[in-house]
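Student: Below is the structure I would like to discuss, written out as structure tokens.
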Amino acid sequence: MIQVSDIAARQIQFLKERDQLSERDFLRVSVKEGGCSGFSYKLDFDKEKKESDKTFECNGVQIVVDSKSLLYLMGMTLNFDGGLNGKGFIFSNPNASKTCGCGFSFNV
């Protein structure tokens with residue numbers, strides 16, 4: 001399962017409204033090779049699901065993850081920090097053994 005904090009859910013809803021996306025659009029969370037620590041996180045809005053995708057819902061946010069990325073993301077919490085020194089979306093991933101200072105790169 002993937003968790004979404006209340007503040008991250010509000011930010012996701014704000015972005016959907018700003019970009020005039022429909023309720024059918026969902027948040028796709030994935031992992032790709034690259035980044036300074038080996039893997040990096042990717043967030044996109046999407047409206048097409050693949051057969052092997054897994055779907056979660058948390059705090060009113062529908063999250064879709066491909067089966068390969070789910071191996072690296074299971075148990076993760078997506079948060080958001082938008083203060084003056086805020087980082088934007090923050091990935092709290094219990095599977096990451098090492099993370100980069102940018103917060104978007106990790107290793108297992």
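Each chain of the structure tokens is named A, B, ... in the order shown, its residues numbered from 1; ligands are numbered from 1 in display order.
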Please list as a ChimeraX atom specification every residue within 10 Å of region 7-11 of chain A, counting only C-alpha atoms and excluding residues in the same chain fewer than 4 positions away.
Tutor: /A:3,15-17,58-62,77-82,88-90
Student: With N, CA, C and O atoms retained, could you export that selection as a CSV table (one decimal), in the first residue's frame?
Tutor:
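New file result39.csv:
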chain,number,residue,atom,x,y,z
A,3,GLN,N,0.7,5.3,1.0
A,3,GLN,CA,-0.1,6.3,1.8
A,3,GLN,C,0.2,7.7,1.2
A,3,GLN,O,1.2,8.0,0.7
A,15,LEU,N,-3.4,20.8,-7.8
A,15,LEU,CA,-2.7,20.6,-9.2
A,15,LEU,C,-3.7,20.1,-10.2
A,15,LEU,O,-3.7,20.6,-11.4
A,16,LYS,N,-4.6,19.2,-9.8
A,16,LYS,CA,-5.6,18.7,-10.8
A,16,LYS,C,-6.5,19.8,-11.2
A,16,LYS,O,-6.9,19.9,-12.4
A,17,GLU,N,-7.0,20.6,-10.2
A,17,GLU,CA,-7.9,21.7,-10.5
A,17,GLU,C,-7.2,22.8,-11.4
A,17,GLU,O,-7.8,23.3,-12.3
A,58,CYS,N,-6.1,6.7,-1.1
A,58,CYS,CA,-5.7,7.2,0.2
A,58,CYS,C,-6.1,8.7,0.2
A,58,CYS,O,-5.7,9.4,-0.6
A,59,ASN,N,-6.8,9.1,1.2
A,59,ASN,CA,-7.2,10.5,1.4
A,59,ASN,C,-7.8,11.1,0.2
A,59,ASN,O,-7.6,12.2,-0.2
A,60,GLY,N,-8.6,10.3,-0.5
A,60,GLY,CA,-9.3,10.8,-1.7
A,60,GLY,C,-8.5,10.8,-3.0
A,60,GLY,O,-8.9,11.3,-4.0
A,61,VAL,N,-7.2,10.4,-2.9
A,61,VAL,CA,-6.3,10.4,-4.1
A,61,VAL,C,-6.3,9.0,-4.6
A,61,VAL,O,-5.9,8.0,-3.9
A,62,GLN,N,-6.5,8.8,-5.9
A,62,GLN,CA,-6.4,7.5,-6.6
A,62,GLN,C,-4.9,7.5,-7.1
A,62,GLN,O,-4.5,8.3,-7.9
A,77,THR,N,5.1,6.6,2.0
A,77,THR,CA,4.2,7.6,2.2
A,77,THR,C,4.6,8.9,1.4
A,77,THR,O,5.8,9.2,1.4
A,78,LEU,N,3.7,9.5,0.7
A,78,LEU,CA,3.9,10.7,0.0
A,78,LEU,C,3.4,11.8,0.8
A,78,LEU,O,2.3,11.9,1.2
A,79,ASN,N,4.3,12.8,1.1
A,79,ASN,CA,4.0,14.0,1.8
A,79,ASN,C,4.3,15.2,1.0
A,79,ASN,O,4.8,15.1,-0.1
A,80,PHE,N,4.0,16.4,1.5
A,80,PHE,CA,4.3,17.6,0.8
A,80,PHE,C,4.7,18.7,1.8
A,80,PHE,O,4.0,18.8,2.9
A,81,ASP,N,5.7,19.4,1.5
A,81,ASP,CA,6.2,20.5,2.3
A,81,ASP,C,6.3,21.8,1.4
A,81,ASP,O,7.1,21.8,0.5
A,82,GLY,N,5.4,22.7,1.7
A,82,GLY,CA,5.4,23.9,0.8
A,82,GLY,C,5.7,25.2,1.5
A,82,GLY,O,5.4,26.2,1.0
A,88,GLY,N,8.6,20.5,-1.7
A,88,GLY,CA,7.6,20.0,-2.5
A,88,GLY,C,7.2,18.6,-2.0
A,88,GLY,O,7.1,18.4,-0.8
A,89,PHE,N,7.0,17.7,-3.0
A,89,PHE,CA,6.6,16.3,-2.6
A,89,PHE,C,7.8,15.6,-1.9
A,89,PHE,O,8.9,15.7,-2.4
A,90,ILE,N,7.5,14.9,-0.8
A,90,ILE,CA,8.6,14.2,-0.1
A,90,ILE,C,8.2,12.7,-0.1
A,90,ILE,O,7.0,12.4,0.3
Student: So which residues touch Met1 (chain A) within 7 Å, counting only C-alpha atoms, skipping near sequence neighbours fewer than 3 positions away, as a VMD selection string?
Tutor: chain A and resid 56 74 to 75
Student: Produce a file of the selected residues containing C-alpha atoms, as an mmCIF file, in the first residue's frame.
Tutor:
data_model
loop_
_atom_site.group_PDB
_atom_site.id
_atom_site.type_symbol
_atom_site.label_atom_id
_atom_site.label_comp_id
_atom_site.auth_asym_id
_atom_site.auth_seq_id
_atom_site.Cartn_x
_atom_site.Cartn_y
_atom_site.Cartn_z
ATOM 1 C CA PHE A 56 -4.647 2.370 -4.275
ATOM 2 C CA MET A 74 5.376 -0.681 -1.121
ATOM 3 C CA GLY A 75 4.860 1.004 2.250
#
Student: So that I can check the surroundings of Ser52 (chain A), please list as a list of chain:residue names every protein, DNA and RNA residue that reaches within 12 Å of it, counting only C-alpha atoms and ignoring chain neighbours fewer than 3 positions away.
Tutor: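 Residues near the query, excluding close chain neighbours: A:Glu48, A:Lys49, A:Thr55, A:Val64, A:Val65, A:Asp66, A:Ser67, A:Lys68, A:Ser69, A:Leu70.
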Student: Please, what distance in Å, to one decimal, runs between CA of Ile12 (chain A) and CA of Asn85 (chain A)?
Tutor: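 Separating CA of Ile12 (chain A) from CA of Asn85 (chain A) is a distance of 19.3 Å.
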Student: Give the alpha helix (DSSP H) residues of chain A, as assigned by DSSP on the backbone, as a list in words.
Tutor: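 So, restricting chain A to alpha helix (DSSP H), we get Asp6, Ile7, Ala8, Ala9, Arg10, Gln11, Ile12, Gln13, Phe14, Leu15, Lys16, Glu17, Arg18, Ser67, Lys68, Ser69, Leu70, Leu71, Tyr72 and Leu73 of chain A.
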Student: Which residue gives the smallest distance to Ser40 (chain A) among A:Ser22, A:Ser5, A:Gln13, A:Asn93, with only C-alpha atoms counted?
Tutor: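 Among the listed residues, A:Asn93 lies closest to Ser40 (chain A).
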Student: So how far away is CA of Ala96 (chain A) from CA of Asp25 (chain A), in Å?
Tutor: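 Separating CA of Asp25 (chain A) from CA of Ala96 (chain A) is a distance of 28.2 Å.
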Student: Please run DSSP on the backbone and report, as number ranges by chain, all residues within region 2-108 of chain A that come out as strand (DSSP E or B).
Tutor: A: 3-4, 26-33, 39-46, 54-58, 61-65, 77-81, 88-92, 98-99, 105-107
Student: For a quick check of understanding, using only C-alpha atoms, which of A:Lys87, A:Asp53, A:Ser92, A:Tyr72 has the smallest distance to Glu33 (chain A)?
Tutor: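 Among the listed residues, A:Tyr72 lies closest to Glu33 (chain A).
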